[in-house]
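Novice: So here's start05.tsv (TSV, C-alpha atoms).
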chain	number	residue	atom	x	y	z
A	1	MET	CA	126.40	33.89	52.03
A	2	THR	CA	127.08	34.53	48.38
A	3	PHE	CA	127.27	37.89	46.69
A	4	ILE	CA	123.82	37.36	45.12
A	5	THR	CA	122.28	36.53	48.50
A	6	ILE	CA	123.83	39.61	50.11
A	7	ALA	CA	122.75	41.87	47.23
A	8	LEU	CA	119.23	40.44	47.28
A	9	LYS	CA	119.02	40.96	51.05
A	10	ARG	CA	120.10	44.59	50.68
A	11	VAL	CA	117.52	45.24	47.95
A	12	SER	CA	114.84	43.50	50.00
A	13	ASP	CA	115.74	45.46	53.14
A	14	PHE	CA	115.68	48.72	51.14
A	15	PHE	CA	112.22	47.85	49.75
A	16	GLU	CA	111.08	47.02	53.28
A	17	TYR	CA	112.31	50.43	54.48
A	18	ILE	CA	110.53	52.25	51.62
A	19	ALA	CA	107.29	50.27	52.14
A	20	SER	CA	107.38	50.92	55.88
A	21	LEU	CA	108.04	54.63	55.40
A	22	LEU	CA	105.27	54.99	52.80
A	23	ALA	CA	102.85	53.04	55.01
A	24	LYS	CA	103.57	55.29	57.98
A	25	ILE	CA	103.11	58.41	55.84
A	26	SER	CA	99.87	57.04	54.37
A	27	VAL	CA	98.41	56.27	57.79
A	28	ALA	CA	99.49	59.64	59.18
A	29	VAL	CA	97.99	61.55	56.24
A	30	MET	CA	94.79	59.52	56.51
A	31	ILE	CA	94.46	60.26	60.24
A	32	VAL	CA	95.09	63.98	59.78
A	33	VAL	CA	92.69	64.25	56.84
A	34	VAL	CA	89.87	62.40	58.63
A	35	ILE	CA	90.27	64.50	61.79
A	36	LEU	CA	90.39	67.69	59.74
A	37	ALA	CA	87.32	66.63	57.77
A	38	VAL	CA	85.36	65.92	60.94
A	39	ILE	CA	86.37	69.26	62.49
A	40	CYS	CA	85.50	71.19	59.35
A	41	ARG	CA	82.16	69.40	58.88
A	42	TYR	CA	80.84	69.52	62.45
A	43	ILE	CA	82.50	72.58	63.97
A	44	PHE	CA	82.84	74.95	61.00
A	45	LYS	CA	79.88	73.50	59.05
A	46	TYR	CA	82.05	73.40	55.95
A	47	PRO	CA	82.67	69.89	54.59
A	48	LEU	CA	85.88	69.27	52.67
A	49	PRO	CA	84.88	67.63	49.39
A	50	TRP	CA	88.32	66.13	48.78
A	51	ALA	CA	88.88	64.65	52.25
A	52	ASP	CA	86.96	61.40	51.75
A	53	GLU	CA	88.74	60.70	48.48
A	54	LEU	CA	92.21	61.38	49.90
A	55	ALA	CA	91.48	59.26	52.99
A	56	LEU	CA	90.33	56.43	50.72
A	57	PHE	CA	93.50	56.63	48.64
A	58	MET	CA	95.64	56.62	51.79
A	59	LEU	CA	93.72	53.59	53.10
A	60	LEU	CA	94.38	51.84	49.78
A	61	TRP	CA	98.09	52.63	49.94
A	62	SER	CA	98.49	51.64	53.60
A	63	THR	CA	96.62	48.38	53.01
A	64	PHE	CA	98.75	47.29	50.06
A	65	LEU	CA	101.98	48.40	51.74
A	66	GLY	CA	101.00	46.59	54.94
A	67	ALA	CA	100.27	43.44	52.96
A	68	SER	CA	103.70	43.55	51.33
A	69	LEU	CA	105.36	44.08	54.71
A	70	SER	CA	103.48	41.12	56.15
A	71	ILE	CA	104.92	38.95	53.36
A	72	LYS	CA	108.44	40.22	54.10
A	73	LYS	CA	108.11	39.53	57.83
A	74	SER	CA	106.17	36.25	57.37
A	75	GLU	CA	103.30	37.67	59.41
A	76	MET	CA	100.49	37.09	56.93
A	77	ILE	CA	97.49	35.01	57.84
A	78	ALA	CA	97.99	31.38	56.89
A	79	ALA	CA	96.33	28.05	57.43
A	80	THR	CA	99.33	25.99	58.50
A	81	PHE	CA	97.68	22.87	59.87
A	82	LEU	CA	99.08	20.81	56.96
A	83	LEU	CA	102.49	22.48	56.97
A	84	ASP	CA	102.84	21.93	60.71
A	85	ARG	CA	102.67	18.18	60.15
A	86	LEU	CA	105.60	18.17	57.73
A	87	GLN	CA	109.20	17.64	58.83
A	88	GLY	CA	112.63	18.00	57.21
A	89	LYS	CA	112.76	17.96	53.42
A	90	GLY	CA	108.98	17.76	53.11
A	91	ARG	CA	108.61	21.01	55.03
A	92	LEU	CA	111.39	22.65	53.01
A	93	LEU	CA	109.80	21.54	49.74
A	94	ALA	CA	106.39	22.81	50.83
A	95	ASP	CA	107.83	26.18	51.94
A	96	ILE	CA	109.70	26.64	48.68
A	97	THR	CA	106.68	25.57	46.61
A	98	ILE	CA	104.47	28.11	48.41
A	99	GLN	CA	107.02	30.88	47.85
A	100	ILE	CA	107.36	29.95	44.17
A	101	LEU	CA	103.58	30.16	43.78
A	102	VAL	CA	103.56	33.55	45.50
A	103	LEU	CA	106.45	34.67	43.28
A	104	VAL	CA	104.71	33.59	40.06
A	105	LEU	CA	101.41	35.16	41.11
A	106	THR	CA	103.00	38.49	42.04
A	107	ILE	CA	104.98	38.62	38.79
A	108	ILE	CA	101.75	38.08	36.84
A	109	LEU	CA	99.93	40.68	38.95
A	110	PHE	CA	102.81	43.14	38.50
A	111	VAL	CA	102.75	42.77	34.70
A	112	TYR	CA	98.97	43.09	34.42
A	113	GLY	CA	98.86	45.84	37.05
A	114	PHE	CA	101.41	47.84	35.09
A	115	LYS	CA	99.46	47.27	31.85
A	116	TRP	CA	96.29	48.41	33.63
A	117	ILE	CA	97.93	51.62	34.81
A	118	MET	CA	99.38	52.34	31.37
A	119	ALA	CA	96.03	51.71	29.63
A	120	PRO	CA	94.69	54.84	27.92
A	121	ASN	CA	91.48	54.92	29.96
A	122	THR	CA	93.45	54.80	33.25
A	123	VAL	CA	96.08	57.33	32.16
A	124	SER	CA	93.43	59.82	31.06
A	125	ALA	CA	91.13	59.37	34.09
A	126	THR	CA	91.18	61.83	36.96
A	127	SER	CA	89.75	61.56	40.44
A	128	SER	CA	86.47	63.34	41.03
A	129	ALA	CA	87.38	65.55	44.00
A	130	LEU	CA	91.16	65.93	43.97
A	131	ARG	CA	91.39	66.03	40.15
A	132	ILE	CA	94.63	64.03	40.18
A	133	PRO	CA	95.42	61.43	37.53
A	134	MET	CA	94.07	58.06	38.67
A	135	TRP	CA	97.30	56.29	37.76
A	136	ILE	CA	98.87	57.92	40.83
A	137	PRO	CA	96.70	56.21	43.48
A	138	TYR	CA	96.61	53.02	41.37
A	139	LEU	CA	100.42	52.94	41.15
A	140	ILE	CA	100.57	51.29	44.57
A	141	PHE	CA	99.37	48.00	43.08
A	142	PRO	CA	102.36	47.27	40.80
A	143	ILE	CA	104.75	48.81	43.34
A	144	THR	CA	103.67	46.42	46.08
A	145	MET	CA	103.64	43.48	43.65
A	146	ALA	CA	107.28	44.31	42.86
A	147	PHE	CA	108.05	44.46	46.58
A	148	ILE	CA	106.37	41.11	47.22
A	149	THR	CA	108.20	39.58	44.24
A	150	VAL	CA	111.56	40.58	45.72
A	151	PHE	CA	110.53	39.46	49.22
A	152	SER	CA	109.40	36.05	47.94
A	153	PHE	CA	112.52	35.60	45.83
A	154	GLU	CA	114.64	36.40	48.88
A	155	LYS	CA	112.73	33.82	50.95
A	156	ILE	CA	113.30	31.16	48.27
A	157	ILE	CA	117.03	31.89	48.10
A	158	LEU	CA	117.37	31.90	51.90
A	159	ARG	CA	115.45	28.63	52.24
A	160	LEU	CA	117.57	26.99	49.54
A	161	SER	CA	120.81	28.22	51.09
A	162	SER	CA	119.79	27.11	54.61
A	163	LYS	CA	119.19	23.44	53.76
Can you present the structure in this file as structure tokens?

Specialist:
Amino acid sequence: MTFITIALKRVSDFFEYIASLLAKISVAVMIVVVILAVICRYIFKYPLPWADELALFMLLWSTFLGASLSIKKSEMIAATFLLDRLQGKGRLLADITIQILVLVLTIILFVYGFKWIMAPNTVSATSSALRIPMWIPYLIFPITMAFITVFSFEKIILRLSSK
């Protein structure tokens, strides 16, 4: 393995660790908030106005983080009936082409996601119940696109070096 491959693997593994940690925290917060909201609403007869919004934001974060982790671990849903028929260099070429397409798409989505978050209407918007800036919950989109970009780039390099 070359220095670039080792460095890329370390960055990718670090991103995987961060994504996994954030996903676990998001799910845990979501579970606690939903349980607390149910208890407050039905036992104490006092609904928490912010609970639904926070649970929704945590669902958003855990979904995007889970999607990026599925790319890293090659556990995403795929229709592989055509790929399964390929052998040798054809399979390698198809795998690399798919990863290049994923890489290009996530780079585009990262750039436009970042522009969206930095847009004046997004920066100035606040959530209705929590009153937090909306760029905070929306930040997960470019973050996970950056993660997926690194994961896809790592897969391309590993496939090219394994031939």

Novice: Choose the residue, out of A:Val32, A:Ile107, A:Ser162, A:Lys155, that has the smallest atom-to-atom separation from Ser74 (chain A); count only C-alpha atoms.

Specialist: A:Lys155

Novice: Can you tell me, as number ranges by chain, what residues are no more than 8 Å from Thr144 (chain A) when counting all atoms listed in the file, ignoring any on the same chain fewer than 6 positions away?

Specialist: A: 64-65, 68

Novice: Identify, on the basis of all atoms listed in the file, every residue whose closest approach to Ser124 (chain A) does not exceed 8 Å; exclude the query and any residue fewer than 4 positions from it along the same chain; express the result as a PDB file with C-alpha atoms, keeping the file's coordinate frame.

Specialist:
ATOM      1  CA  PRO A 120      94.690  54.840  27.920  1.00  0.00           C
ATOM      2  CA  PRO A 133      95.420  61.430  37.530  1.00  0.00           C
ATOM      3  CA  MET A 134      94.070  58.060  38.670  1.00  0.00           C
TER       4      MET A 134
END

Novice: Which residues are close to Lys115 (chain A), i.e. within 12 Å by only C-alpha atoms, leaving aside same-chain residues fewer than 6 positions away? Reply as a list in words.

Specialist: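 Here the answer would be Ile108, Leu109, Asn121, Thr122, Val123, Trp135, Tyr138, Leu139, Phe141 and Pro142 of chain A.
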
Novice: Taking 3 positions as the minimum chain separation for residues in the same chain, which residues sit within 10 Å of Val34 (chain A) when counting all atoms listed in the file? Answer as a ChimeraX atom specification.

Specialist: /A:29-31,37-40,48,51-52,54-56

Novice: What's the 8 Å shell around region 13-16 of chain A, counting all atoms listed in the file, without same-chain residues fewer than 6 positions away, as a PDB file with C-alpha atoms, in the frame of the given file?

Specialist:
ATOM      1  CA  LEU A  69     105.360  44.080  54.710  1.00  0.00           C
ATOM      2  CA  LYS A  72     108.440  40.220  54.100  1.00  0.00           C
ATOM      3  CA  PHE A 147     108.050  44.460  46.580  1.00  0.00           C
TER       4      PHE A 147
END

Novice: In Å, rounded to a single decimal, give me how far CA of Ser70 (chain A) is from CA of Ile132 (chain A).

Specialist: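 If I compute the distance from CA of Ile132 (chain A) to CA of Ser70 (chain A), I get 29.3 Å.
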
Novice: Measure the distance from CA of Phe3 (chain A) to CA of Leu93 (chain A) in Å and round it to one decimal.

Specialist: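 For CA of Phe3 (chain A) relative to CA of Leu93 (chain A), the distance reads 24.1 Å.
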
Novice: Choose the residue, out of A:Glu154, A:Leu22, A:Arg159, A:Ala94, that has the smallest atom-to-atom separation from Thr5 (chain A); count all atoms listed in the file.

Specialist: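 When distances to Thr5 (chain A) are compared using all atoms listed in the file, the smallest one comes from A:Glu154.
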
Novice: Identify which of the residues A:Pro137, A:Ser20, A:Met76, A:Arg85 lies closest to Ala125 (chain A), counting only C-alpha atoms when measuring atom-to-atom distances.

Specialist: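 The closest residue to Ala125 (chain A) is A:Pro137.
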
Novice: Enter the distance from CA of Pro47 (chain A) to CA of Ala23 (chain A), in Å, rounded to one decimal.

Specialist: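 CA of Ala23 (chain A) lies at a distance of 26.3 Å from CA of Pro47 (chain A).
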
Novice: Which of these, A:Leu160, A:Val150, A:Ile35, A:Leu21, has the shortest distance to Lys9 (chain A) once you count all atoms listed in the file?

Specialist: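 Among A:Leu160, A:Val150, A:Ile35, A:Leu21, it is A:Val150 that comes nearest to Lys9 (chain A).
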
Novice: Identify which of the residues A:Ser152, A:Trp50, A:Leu36, A:Gly66 lies closest to Tyr17 (chain A), counting only C-alpha atoms when measuring atom-to-atom distances.

Specialist: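 Selected residue with least distance to Tyr17 (chain A): A:Gly66.
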